[in-house]
Every structure is written in structure tokens, then in C-alpha cells.
Amino acid sequence: MSDRDKFDDIEEIDDGEITDGQDANREEEEHDGYEDICFICHRPQSKAGKMIRIPNDICICSDCMQKTFDTMNHAGFPIGDMGNFGNMPNISMINLSDLQNMGGMPKSQKLKKKKTKEEKKAKPELDIKSIPAPHKIKASLDEYVVGQEHAKKVMSVAVYNHYKRVTCDDLDEIEIEKSNMLMLGPTGSGKTYMVKTLAKLLDVPLAIADATSLTEAGYIGDDIESVVSKLLAAADNDVERAEHGIIFIDEIDKIAKKKTTNQRDVSGESVQQGMLKLLEGAEIEVPVGANSKNAMVPLATVNTKNILFICGGAFPDLDEIIKERLNKQSAMGFHADLKDKYDGEENILQRVEVEDIRKYGMIPEFLGRLPVIFALDALTEDMLVRILTEPKSAIIKQYQKLLAMDEVKLEFEEEALHAIARKAKEKDVGARALRAIIEAFMLDIMYEIPKDDSIGMVTITEDYIDNHGAPLISMRGCPVLPGAAGA
């Protein structure tokens with residue numbers, strides 16, 4: 001009997017006895033839209049071809065099964081009863097006892113089936129009519145993000161143009177390039193929050209990665225391709241949906257070139273060099289359900305051509321580089337600029353140029369693939385007060401909702417809001433300080449309120465924020481009285 005005949009016998013067994021108890025599982029997977037992956041080579045069915053199923057819902061592709069038979073023949077082992085797999089002593093590629101214990105592959109490492117050409121024509125992934133216009137995107141961002149008018153306008157236009165580029169059919173010879181963005185801003189100014197809100201409004205998969213953990217391939221840390229793997233996971237392992245998603249790489253300033261080093265810069269310039277192909281657009285093999293490639297993880301091919309990359313960073317000390325460039329105009333005479341002219345300017349990052357970022361440590365090839373560069377404003381006291389009260393999920397509204405569940409009304413005096421904003425401004429960590437400050441002052445109130453059902457309203461005063469008094473507490477049907485909470 002030839003190898004081909006033996007192999008055909010296995011397929012017959014696969015279609016008959018072995019798979020009798022697995023019809024329900026197979027139908028469920030087909031209904032979910034996932035495709036089988038070979039347990040040995042980890043190729044999906046769309047690449048490896050027809051899969052052979054053995055007990056415990058384990059799939060093996062035809063190539064791997066044939067290699068197993070070839071190995072057995074070279075070892076001089078005659079293949080007899082093919083139905084008795086457990087008595088084959090010389091199978092080195094497939095240890096069936098291990099497979100029985102491990103079972104099938106988890107769904108987090110299964111790929112969704114690709115759509116056929118007919119399905120793509122029937123229902124396109126993105127429609128230009130479904131993408132909101134820039135002014136509508138900005139209006140939606142206004143409901144969640146306070147201030148940052150210029151940044152919201154730039155981001156709305158760049159995103160709108162990017163998805164117009166994705167939906168165009170390339171009927172003519174004009175090819176539109178990607179509008180990848182570089183967002184600069186002090187910590188706590190809302191960089192990550194704006195991107196999260198944008199992805200939620202557009203209903204596209206979003207992956208947020210941290211550049212601090214990225215290293216060159218072969219070194220301890222995350223490979224550069226791991227950012228695409230996170231996007232694939234956010235898209236529920238749907239490659240086509242992931243190829244229209246958004247990747248936000250935070251702390252991008254941490255991969256700047258190291259100025260004083262005699263060793264290989266594996267987490268700086270090397271990472272920038274490795275990210276060039278991602279930003280430009282290339283087919284990348286990424287692990288499914290893991291951050292790094294290894295022998296036990298299947299790989300998927302993702303084309304980054306239509307993925308929008310947004311890079312953000314605080315770029316500490318960049319303001320000094322900008323001031324140094326601006327102060328070059330200083331000279332002696334009546335019309336000379338003073339060297340301390342820009343020292344008190346909070347929004348000095350608005351004057352940034354590509355030359356300044358290159359001097360900071362970003363290579364020109366990297367900056368060339370981020371054509372849209374803009375900076376966020378530093379948060380002023382008035383902006384912090386608005387952040388407390390205006391957005392849909394404002395911090396004050398959250399606490400008012402919490403106390404409303406106890407049938408207690410919570411109010412903040414205007415002076416108290418400004419006192420909170422001043423304290424947050426002193427911490428110099430942006431809007432993140434607001435919640436920490438309010439948590440500290442609301443602790444005693446949230447602890448004492450459930451004790452007394454007669455309390456109807458609590459008013460937070462400036463004296464309470466400045467540790468000079470107590471909040472005003474109003475009993476149900478009684479006038480406002482100074483409270484004991486926090487006193």
C-alpha cells in the first residue's frame with residue numbers, strides 16, 4: 001500500500017468514526033465564523049488547506065500529517081491498523097497522549113474566516129457616507145473633551161481624510177498617503193482620552209500600546225509587531241476589521257535616541273527603525289493571542305497600509321529646545337528679544353517644529369511618516385474647572401450620581417471648584433490630579449452619609465477644600481447646617 005493510500009485511509013477515518021461525536025462542536029465553530037488552525041504548524045485552514053480532525057477536537061493539516069508518515073517510513077515502522085493511533089511508538093511529531101490532555105485551541109488563538117469577494121461586494125467594510133464629517137466629529141469630541149480646540153480640529157480632519165482614503169476605490173493613478181499623527185502635550189492634558197473617545201465615536205477597533213516596553217527583536221521586551229497583535233485582539237481576531245483600525249502608541253518620546261551611550265540602542269533608535277515599515281504600510285506576521293512569536297502560537301498576516309497610527313508623548317524638556325531655537329534671534333540693541341521672554345509661556349509646545357523633535361532624538365525617517373504634528377494646550381485653572389463639571393462623564397457628575405443612589409443631593413460652590421483646580425494645578429500632573437483631590441475630600445462624606453437617612457443635601461465649600469471648615473449639610477425639610485463630616 002502506498003503512502004497516498006494510507007493517507008486516504010486516514011481521511012476516511014476522519015470523515016467517519018473519529019468525528020462522530022464532534023459534529024455539534026464543528027457546527028458551532030462554523031457558526032462563529034472561526035477557521036481551524038493546525039495544531040503542529042499553526043497555519044489557518046485558509047493557508048494550509050483541508051484539516052484532518054482527531055479526537056479532542058484537534059486539527060492537523062495534510063502537510064503535517066504527510067510529514068508524520070514520511071518520518072515513520074524512514075524509521076522503518078510498518079503502518080498496519082491505522083485506526084489504533086495510540087500504539088504507534090515512533091511518532092515524534094505528534095504525541096497523541098499530550099494532545100489528549102491539552103485539548104483544542106482556545107478561541108483567543110483562532111482566526112475568523114476571511115470574507116469571500118462576493119461578501120465584500122455585498123457589504124463593504126467602510127462606507128464614506130457612514131463616516132461623520134469633521135465638524136460632526138469635533139462636535140462629538142466637544143461633549144467629552146474640554147478645550148483643545150485646535151487639537152480636536154486637526155484630529156477630526158486627519159481621521160476623516162484617512163477613512164476617505166480607505167474607502168476610495170483607487171480607480172485613477174492618484175494614491176492618497178496616510179495621515180499618521182504625532183500628538184504632543186503635557187501629562188494629563190487628554191491625549192489618550194481623545195483617542196479613546198475618537199475610536200468609540202467611529203466604532204473601529206482601537207489598540208493602545210506603550211512604547212516604553214518595545215525593544216528590537218531578539219531582546220527582552222515586546223517586539224514591535226506586538227502593537228499590531230493588540231489591534232488584532234481588539235478586533236476579535238478579525239484580520240479585515242483590524243486592518244481598518246487605529247493604533248495609539250503612547251509615550252513615544254521614550255524611544256528617542258540615547259545621546260550618551262556606547263552600546264546598541266535596542267529600545268531607542270532601533271525601535272524607530274523597526275516601526276518605519278509599520279507606519280508606511282506592510283504585511284506583518286503577528287502572533288494571535290500572544291505578544292511574542294513562539295512555536296506554540298499561530299501567526300496571522302496583517303496589512304498595515306490602512307491602519308491609522310497616532311503617536312503621543314509628553315516630550316519633557318522639549319520646551320528647552322524650542323526656547324533655545326527661539327532665543328537665537330536675541331541680540332544686543334533696542335530691538336533685541338530678551339532671553340527670558342518665553343520662560344513664562346505655558347503653551348510653548350505650540351511653537352514646535354520638526355527640527356526641534358529631531359533634535360530631541362527622533363530620526364528624520366520616523367518623523368517623515370508622521371505628517372500631522374500638533375500640540376495640546378496646557379490646562380489652565382479655568383479649563384480644570386470646566387473638566388470637573390462639563391463633560392458627559394465629569395467627575396462631579398459621577399459623585400452626584402453616587403450620592404443620588406442614597407437619595408442625597410450633592411452641590412459644589414463655585415469657589416470650591418476653583419480651589420480644587422488650584423490644588424490640581426500645583427501638582428502639575430494635569431487632569432489626573434482632580435480625581436485624587438476629590439477622592440480625599442469626599443472620603444469622610446461618603447462614609448458618614450449612609451449612617452443617617454435624614455440627610456437631604458451636602459454642599460462642598462471652599463473652606464472645606466482649604467481645610468478651614470466643614471461641608472454644609474441640609475436635613476430633609478430643614479435649613480442648611482454646618483456638617484460634621486470631615487470636621
# chains A, B, ... in the order shown; residues from 1 in each chain; ligands from 1
call {"tool": "residues_around", "arguments": {"residues": "Lys200 of chain A", "least_positions_apart": "5", "cutoff": "12 Å", "atoms": "only C-alpha atoms", "output": "list in words"}}
result
Ile137, Ser140, Leu141, Tyr144, Tyr193, Met194, Val195, Pro205, Leu206, Ala207, Gly245 and Ile246 of chain A
call {"tool": "write_last_selection", "arguments": {"atoms": "all heavy atoms", "output": "JSON list (two decimals), in the first residue's frame"}}
result
[["chain", "number", "residue", "atom", "x", "y", "z"],
["A", 137, "ILE", "N", -17.48, 65.19, 13.90],
["A", 137, "ILE", "CA", -16.54, 64.51, 14.78],
["A", 137, "ILE", "C", -16.10, 65.42, 15.91],
["A", 137, "ILE", "O", -16.06, 65.03, 17.08],
["A", 137, "ILE", "CB", -15.31, 64.02, 13.96],
["A", 137, "ILE", "CG1", -15.73, 62.99, 12.92],
["A", 137, "ILE", "CG2", -14.25, 63.42, 14.90],
["A", 137, "ILE", "CD1", -14.60, 62.53, 12.02],
["A", 140, "SER", "N", -18.82, 65.91, 18.50],
["A", 140, "SER", "CA", -18.91, 64.77, 19.41],
["A", 140, "SER", "C", -17.78, 64.78, 20.43],
["A", 140, "SER", "O", -17.97, 64.44, 21.59],
["A", 140, "SER", "CB", -18.88, 63.46, 18.61],
["A", 140, "SER", "OG", -19.98, 63.40, 17.71],
["A", 141, "LEU", "N", -16.58, 65.17, 19.97],
["A", 141, "LEU", "CA", -15.45, 65.26, 20.91],
["A", 141, "LEU", "C", -15.68, 66.35, 21.95],
["A", 141, "LEU", "O", -15.24, 66.24, 23.09],
["A", 141, "LEU", "CB", -14.16, 65.55, 20.14],
["A", 141, "LEU", "CG", -13.56, 64.39, 19.34],
["A", 141, "LEU", "CD1", -12.37, 64.87, 18.50],
["A", 141, "LEU", "CD2", -13.13, 63.26, 20.25],
["A", 144, "TYR", "N", -17.10, 65.37, 25.31],
["A", 144, "TYR", "CA", -16.28, 64.61, 26.25],
["A", 144, "TYR", "C", -14.99, 65.32, 26.64],
["A", 144, "TYR", "O", -14.49, 65.11, 27.74],
["A", 144, "TYR", "CB", -15.91, 63.24, 25.64],
["A", 144, "TYR", "CG", -17.11, 62.35, 25.37],
["A", 144, "TYR", "CD1", -17.76, 62.37, 24.14],
["A", 144, "TYR", "CD2", -17.58, 61.49, 26.35],
["A", 144, "TYR", "CE1", -18.85, 61.56, 23.89],
["A", 144, "TYR", "CE2", -18.67, 60.67, 26.11],
["A", 144, "TYR", "CZ", -19.31, 60.70, 24.88],
["A", 144, "TYR", "OH", -20.38, 59.90, 24.63],
["A", 193, "TYR", "N", -7.24, 60.10, 26.27],
["A", 193, "TYR", "CA", -8.69, 60.22, 26.37],
["A", 193, "TYR", "C", -9.31, 60.64, 25.03],
["A", 193, "TYR", "O", -10.38, 60.14, 24.65],
["A", 193, "TYR", "CB", -9.05, 61.23, 27.46],
["A", 193, "TYR", "CG", -10.52, 61.28, 27.79],
["A", 193, "TYR", "CD1", -11.18, 60.18, 28.31],
["A", 193, "TYR", "CD2", -11.26, 62.43, 27.58],
["A", 193, "TYR", "CE1", -12.53, 60.22, 28.62],
["A", 193, "TYR", "CE2", -12.61, 62.50, 27.88],
["A", 193, "TYR", "CZ", -13.24, 61.39, 28.40],
["A", 193, "TYR", "OH", -14.58, 61.43, 28.69],
["A", 194, "MET", "N", -8.63, 61.53, 24.30],
["A", 194, "MET", "CA", -9.15, 61.96, 23.00],
["A", 194, "MET", "C", -9.17, 60.80, 22.02],
["A", 194, "MET", "O", -10.13, 60.64, 21.25],
["A", 194, "MET", "CB", -8.30, 63.12, 22.45],
["A", 194, "MET", "CG", -8.57, 64.45, 23.12],
["A", 194, "MET", "SD", -7.55, 65.78, 22.44],
["A", 194, "MET", "CE", -8.14, 65.85, 20.76],
["A", 195, "VAL", "N", -8.11, 59.98, 22.01],
["A", 195, "VAL", "CA", -8.05, 58.86, 21.07],
["A", 195, "VAL", "C", -9.12, 57.82, 21.42],
["A", 195, "VAL", "O", -9.78, 57.27, 20.54],
["A", 195, "VAL", "CB", -6.64, 58.24, 21.08],
["A", 195, "VAL", "CG1", -6.59, 57.02, 20.18],
["A", 195, "VAL", "CG2", -5.61, 59.27, 20.64],
["A", 205, "PRO", "N", -11.95, 49.27, 15.79],
["A", 205, "PRO", "CA", -11.09, 48.69, 16.84],
["A", 205, "PRO", "C", -9.92, 49.61, 17.17],
["A", 205, "PRO", "O", -9.35, 50.24, 16.29],
["A", 205, "PRO", "CB", -10.62, 47.37, 16.23],
["A", 205, "PRO", "CG", -10.83, 47.50, 14.77],
["A", 205, "PRO", "CD", -12.00, 48.42, 14.59],
["A", 206, "LEU", "N", -9.59, 49.68, 18.44],
["A", 206, "LEU", "CA", -8.51, 50.54, 18.91],
["A", 206, "LEU", "C", -7.56, 49.72, 19.77],
["A", 206, "LEU", "O", -7.98, 48.95, 20.62],
["A", 206, "LEU", "CB", -9.07, 51.71, 19.73],
["A", 206, "LEU", "CG", -8.06, 52.53, 20.53],
["A", 206, "LEU", "CD1", -7.15, 53.33, 19.62],
["A", 206, "LEU", "CD2", -8.77, 53.45, 21.53],
["A", 207, "ALA", "N", -6.27, 49.90, 19.54],
["A", 207, "ALA", "CA", -5.24, 49.29, 20.37],
["A", 207, "ALA", "C", -4.37, 50.39, 20.95],
["A", 207, "ALA", "O", -3.90, 51.27, 20.21],
["A", 207, "ALA", "CB", -4.39, 48.31, 19.57],
["A", 245, "GLY", "N", -8.39, 49.67, 11.61],
["A", 245, "GLY", "CA", -8.45, 50.17, 12.98],
["A", 245, "GLY", "C", -7.48, 51.31, 13.24],
["A", 245, "GLY", "O", -6.86, 51.87, 12.33],
["A", 246, "ILE", "N", -7.36, 51.64, 14.52],
["A", 246, "ILE", "CA", -6.48, 52.73, 14.97],
["A", 246, "ILE", "C", -5.53, 52.17, 16.03],
["A", 246, "ILE", "O", -5.95, 51.44, 16.92],
["A", 246, "ILE", "CB", -7.30, 53.90, 15.57],
["A", 246, "ILE", "CG1", -8.22, 54.51, 14.53],
["A", 246, "ILE", "CG2", -6.38, 54.98, 16.15],
["A", 246, "ILE", "CD1", -9.15, 55.59, 15.08]]
call {"tool": "atom_distance", "arguments": {"atom1": "atom CA of Leu276 of chain A", "atom2": "atom CA of Val239 of chain A"}}
result
20.9 Å
call {"tool": "residues_around", "arguments": {"residues": "Glu415 of chain A", "least_positions_apart": "3", "cutoff": "8 Å", "atoms": "only C-alpha atoms", "output": "list of chain:residue names"}}
result
A:His418, A:Ala419, A:Thr461, A:Glu462
call {"tool": "select_by_dssp", "arguments": {"residues": "segment 375-470 of chain A", "states": "helix (DSSP H, G or I)", "output": "mmCIF file with N, CA and C atoms, in the first residue's frame"}}
result
data_model
loop_
_atom_site.group_PDB
_atom_site.id
_atom_site.type_symbol
_atom_site.label_atom_id
_atom_site.label_comp_id
_atom_site.auth_asym_id
_atom_site.auth_seq_id
_atom_site.Cartn_x
_atom_site.Cartn_y
_atom_site.Cartn_z
ATOM 1 N N GLU A 381 -6.409 76.934 35.059
ATOM 2 C CA GLU A 381 -7.345 76.743 36.170
ATOM 3 C C GLU A 381 -8.784 76.715 35.683
ATOM 4 N N ASP A 382 -9.129 77.616 34.758
ATOM 5 C CA ASP A 382 -10.500 77.643 34.237
ATOM 6 C C ASP A 382 -10.830 76.355 33.481
ATOM 7 N N MET A 383 -9.848 75.821 32.717
ATOM 8 C CA MET A 383 -10.090 74.577 31.994
ATOM 9 C C MET A 383 -10.291 73.414 32.970
ATOM 10 N N LEU A 384 -9.556 73.412 34.057
ATOM 11 C CA LEU A 384 -9.722 72.344 35.057
ATOM 12 C C LEU A 384 -11.100 72.406 35.708
ATOM 13 N N VAL A 385 -11.605 73.622 35.939
ATOM 14 C CA VAL A 385 -12.961 73.774 36.498
ATOM 15 C C VAL A 385 -13.992 73.234 35.518
ATOM 16 N N ARG A 386 -13.798 73.525 34.234
ATOM 17 C CA ARG A 386 -14.733 73.021 33.222
ATOM 18 C C ARG A 386 -14.658 71.496 33.115
ATOM 19 N N ILE A 387 -13.452 70.942 33.256
ATOM 20 C CA ILE A 387 -13.298 69.487 33.214
ATOM 21 C C ILE A 387 -14.061 68.835 34.366
ATOM 22 N N LEU A 388 -14.126 69.527 35.484
ATOM 23 C CA LEU A 388 -14.847 68.987 36.642
ATOM 24 C C LEU A 388 -16.340 68.882 36.397
ATOM 25 N N THR A 389 -16.897 69.770 35.587
ATOM 26 C CA THR A 389 -18.362 69.893 35.527
ATOM 27 C C THR A 389 -18.976 69.645 34.149
ATOM 28 N N ILE A 395 -16.284 64.366 36.647
ATOM 29 C CA ILE A 395 -16.072 63.771 37.969
ATOM 30 C C ILE A 395 -17.174 64.189 38.936
ATOM 31 N N ILE A 396 -17.571 65.451 38.890
ATOM 32 C CA ILE A 396 -18.631 65.931 39.787
ATOM 33 C C ILE A 396 -19.930 65.180 39.524
ATOM 34 N N LYS A 397 -20.245 64.961 38.259
ATOM 35 C CA LYS A 397 -21.473 64.243 37.918
ATOM 36 C C LYS A 397 -21.425 62.808 38.428
ATOM 37 N N GLN A 398 -20.246 62.204 38.427
ATOM 38 C CA GLN A 398 -20.128 60.833 38.923
ATOM 39 C C GLN A 398 -20.449 60.761 40.415
ATOM 40 N N TYR A 399 -19.927 61.726 41.189
ATOM 41 C CA TYR A 399 -20.195 61.713 42.632
ATOM 42 C C TYR A 399 -21.647 62.097 42.930
ATOM 43 N N GLN A 400 -22.196 62.981 42.120
ATOM 44 C CA GLN A 400 -23.609 63.322 42.306
ATOM 45 C C GLN A 400 -24.490 62.097 42.067
ATOM 46 N N LYS A 401 -24.114 61.278 41.095
ATOM 47 C CA LYS A 401 -24.883 60.063 40.826
ATOM 48 C C LYS A 401 -24.738 59.059 41.965
ATOM 49 N N LEU A 402 -23.523 58.961 42.518
ATOM 50 C CA LEU A 402 -23.307 58.034 43.625
ATOM 51 C C LEU A 402 -24.159 58.404 44.839
ATOM 52 N N LEU A 403 -24.185 59.704 45.171
ATOM 53 C CA LEU A 403 -24.974 60.128 46.328
ATOM 54 C C LEU A 403 -26.471 60.107 46.031
ATOM 55 N N ALA A 404 -26.841 60.289 44.758
ATOM 56 C CA ALA A 404 -28.266 60.221 44.409
ATOM 57 C C ALA A 404 -28.836 58.830 44.685
ATOM 58 N N GLU A 414 -19.041 77.437 43.572
ATOM 59 C CA GLU A 414 -18.108 77.830 42.510
ATOM 60 C C GLU A 414 -16.703 78.035 43.061
ATOM 61 N N GLU A 415 -16.613 78.642 44.240
ATOM 62 C CA GLU A 415 -15.301 78.871 44.843
ATOM 63 C C GLU A 415 -14.615 77.555 45.200
ATOM 64 N N ALA A 416 -15.400 76.545 45.576
ATOM 65 C CA ALA A 416 -14.826 75.243 45.904
ATOM 66 C C ALA A 416 -14.223 74.585 44.659
ATOM 67 N N LEU A 417 -14.895 74.742 43.519
ATOM 68 C CA LEU A 417 -14.367 74.178 42.276
ATOM 69 C C LEU A 417 -13.031 74.811 41.913
ATOM 70 N N HIS A 418 -12.937 76.122 42.082
ATOM 71 C CA HIS A 418 -11.681 76.812 41.783
ATOM 72 C C HIS A 418 -10.590 76.415 42.775
ATOM 73 N N ALA A 419 -10.966 76.169 44.015
ATOM 74 C CA ALA A 419 -9.977 75.724 44.997
ATOM 75 C C ALA A 419 -9.426 74.347 44.624
ATOM 76 N N ILE A 420 -10.306 73.448 44.140
ATOM 77 C CA ILE A 420 -9.856 72.127 43.686
ATOM 78 C C ILE A 420 -8.929 72.276 42.480
ATOM 79 N N ALA A 421 -9.292 73.162 41.551
ATOM 80 C CA ALA A 421 -8.471 73.371 40.353
ATOM 81 C C ALA A 421 -7.095 73.923 40.717
ATOM 82 N N ARG A 422 -7.047 74.827 41.696
ATOM 83 C CA ARG A 422 -5.745 75.379 42.110
ATOM 84 C C ARG A 422 -4.846 74.298 42.703
ATOM 85 N N LYS A 423 -5.439 73.427 43.529
ATOM 86 C CA LYS A 423 -4.647 72.346 44.106
ATOM 87 C C LYS A 423 -4.137 71.391 43.024
ATOM 88 N N ALA A 424 -4.988 71.113 42.021
ATOM 89 C CA ALA A 424 -4.567 70.238 40.924
ATOM 90 C C ALA A 424 -3.464 70.887 40.098
ATOM 91 N N LYS A 425 -3.564 72.194 39.926
ATOM 92 C CA LYS A 425 -2.547 72.923 39.158
ATOM 93 C C LYS A 425 -1.187 72.843 39.843
ATOM 94 N N GLU A 426 -1.179 72.867 41.161
ATOM 95 C CA GLU A 426 0.077 72.802 41.911
ATOM 96 C C GLU A 426 0.760 71.446 41.757
ATOM 97 N N LYS A 427 -0.028 70.390 41.592
ATOM 98 C CA LYS A 427 0.562 69.053 41.466
ATOM 99 C C LYS A 427 1.233 68.847 40.116
ATOM 100 N N ARG A 432 -5.368 64.446 35.816
ATOM 101 C CA ARG A 432 -5.346 63.250 36.668
ATOM 102 C C ARG A 432 -5.384 63.614 38.153
ATOM 103 N N ALA A 433 -4.918 64.811 38.492
ATOM 104 C CA ALA A 433 -4.886 65.203 39.904
ATOM 105 C C ALA A 433 -6.279 65.491 40.446
ATOM 106 N N LEU A 434 -7.233 65.812 39.575
ATOM 107 C CA LEU A 434 -8.563 66.219 40.039
ATOM 108 C C LEU A 434 -9.242 65.104 40.834
ATOM 109 N N ARG A 435 -9.220 63.912 40.292
ATOM 110 C CA ARG A 435 -9.929 62.820 40.970
ATOM 111 C C ARG A 435 -9.262 62.478 42.297
ATOM 112 N N ALA A 436 -7.918 62.515 42.335
ATOM 113 C CA ALA A 436 -7.224 62.204 43.580
ATOM 114 C C ALA A 436 -7.594 63.199 44.672
ATOM 115 N N ILE A 437 -7.704 64.486 44.312
ATOM 116 C CA ILE A 437 -8.052 65.516 45.291
ATOM 117 C C ILE A 437 -9.480 65.326 45.782
ATOM 118 N N ILE A 438 -10.411 65.102 44.876
ATOM 119 C CA ILE A 438 -11.814 64.942 45.266
ATOM 120 C C ILE A 438 -12.010 63.659 46.079
ATOM 121 N N GLU A 439 -11.303 62.594 45.711
ATOM 122 C CA GLU A 439 -11.401 61.347 46.477
ATOM 123 C C GLU A 439 -11.039 61.595 47.943
ATOM 124 N N ALA A 440 -9.987 62.392 48.170
ATOM 125 C CA ALA A 440 -9.541 62.646 49.538
ATOM 126 C C ALA A 440 -10.591 63.416 50.330
ATOM 127 N N PHE A 441 -11.231 64.429 49.708
ATOM 128 C CA PHE A 441 -12.192 65.259 50.436
ATOM 129 C C PHE A 441 -13.571 64.603 50.548
ATOM 130 N N MET A 442 -13.862 63.678 49.627
ATOM 131 C CA MET A 442 -15.171 63.027 49.669
ATOM 132 C C MET A 442 -15.169 61.770 50.521
ATOM 133 N N LEU A 443 -14.015 61.354 51.011
ATOM 134 C CA LEU A 443 -13.933 60.097 51.753
ATOM 135 C C LEU A 443 -14.839 60.112 52.989
ATOM 136 N N ASP A 444 -14.696 61.142 53.838
ATOM 137 C CA ASP A 444 -15.492 61.197 55.060
ATOM 138 C C ASP A 444 -16.978 61.349 54.750
ATOM 139 N N ILE A 445 -17.281 62.118 53.718
ATOM 140 C CA ILE A 445 -18.692 62.325 53.353
ATOM 141 C C ILE A 445 -19.314 61.012 52.890
ATOM 142 N N MET A 446 -18.614 60.281 52.020
ATOM 143 C CA MET A 446 -19.152 59.019 51.525
ATOM 144 C C MET A 446 -19.261 57.979 52.650
ATOM 145 N N TYR A 447 -18.463 58.147 53.683
ATOM 146 C CA TYR A 447 -18.509 57.215 54.817
ATOM 147 C C TYR A 447 -19.660 57.542 55.773
ATOM 148 N N GLU A 448 -19.907 58.846 56.002
ATOM 149 C CA GLU A 448 -20.889 59.261 57.009
ATOM 150 C C GLU A 448 -22.319 59.293 56.471
ATOM 151 N N ILE A 449 -22.492 59.586 55.186
ATOM 152 C CA ILE A 449 -23.839 59.780 54.634
ATOM 153 C C ILE A 449 -24.735 58.552 54.837
ATOM 154 N N PRO A 450 -24.286 57.325 54.522
ATOM 155 C CA PRO A 450 -25.196 56.174 54.688
ATOM 156 C C PRO A 450 -25.632 55.930 56.130
ATOM 157 N N LYS A 451 -24.962 56.544 57.121
ATOM 158 C CA LYS A 451 -25.346 56.339 58.522
ATOM 159 C C LYS A 451 -26.660 57.020 58.863
ATOM 160 N N GLU A 462 -15.579 76.205 49.812
ATOM 161 C CA GLU A 462 -14.150 76.491 49.639
ATOM 162 C C GLU A 462 -13.387 76.267 50.939
ATOM 163 N N ASP A 463 -13.996 76.613 52.071
ATOM 164 C CA ASP A 463 -13.324 76.423 53.359
ATOM 165 C C ASP A 463 -13.043 74.944 53.623
ATOM 166 N N TYR A 464 -13.973 74.082 53.215
ATOM 167 C CA TYR A 464 -13.764 72.649 53.408
ATOM 168 C C TYR A 464 -12.591 72.146 52.560
ATOM 169 N N ILE A 465 -12.497 72.642 51.303
ATOM 170 C CA ILE A 465 -11.388 72.242 50.426
ATOM 171 C C ILE A 465 -10.064 72.751 50.988
#
call {"tool": "atom_distance", "arguments": {"atom1": "atom CA of Gly361 of chain A", "atom2": "atom CA of Glu280 of chain A"}}
result
20.0 Å
call {"tool": "atom_distance", "arguments": {"atom1": "atom CA of Arg264 of chain A", "atom2": "atom CA of Leu182 of chain A"}}
result
25.7 Å
call {"tool": "closest_residue", "arguments": {"among": "A:His468, A:His244, A:Lys152, A:Lys277", "to": "Ile224 of chain A", "atoms": "only C-alpha atoms"}}
result
A:Lys277
call {"tool": "residues_around", "arguments": {"residues": "Glu355 of chain A", "least_positions_apart": "5", "cutoff": "10 Å", "atoms": "only C-alpha atoms", "output": "PyMOL selection string"}}
result
chain A and resi 321-322+325+360+362+364+367
call {"tool": "closest_residue", "arguments": {"among": "A:Glu216, A:Asp428, A:Glu243, A:Asp452", "to": "Thr380 of chain A", "atoms": "only C-alpha atoms"}}
result
A:Asp428
call {"tool": "select_by_dssp", "arguments": {"residues": "segment 231-412 of chain A", "states": "strand (DSSP E or B)", "output": "ChimeraX atom specification"}}
result
/A:246-250,283-287,299-303,308-313,372-375,409-412
call {"tool": "closest_residue", "arguments": {"among": "A:Met181, A:Val352, A:Ile176, A:Ile473", "to": "Val157 of chain A", "atoms": "only C-alpha atoms"}}
result
A:Met181
call {"tool": "closest_residue", "arguments": {"among": "A:Cys41, A:Leu472, A:Met155, A:Val227", "to": "Ile460 of chain A", "atoms": "only C-alpha atoms"}}
result
A:Leu472
call {"tool": "closest_residue", "arguments": {"among": "A:Met183, A:Leu202, A:Asp57, A:Val288", "to": "His42 of chain A", "atoms": "only C-alpha atoms"}}
result
A:Val288
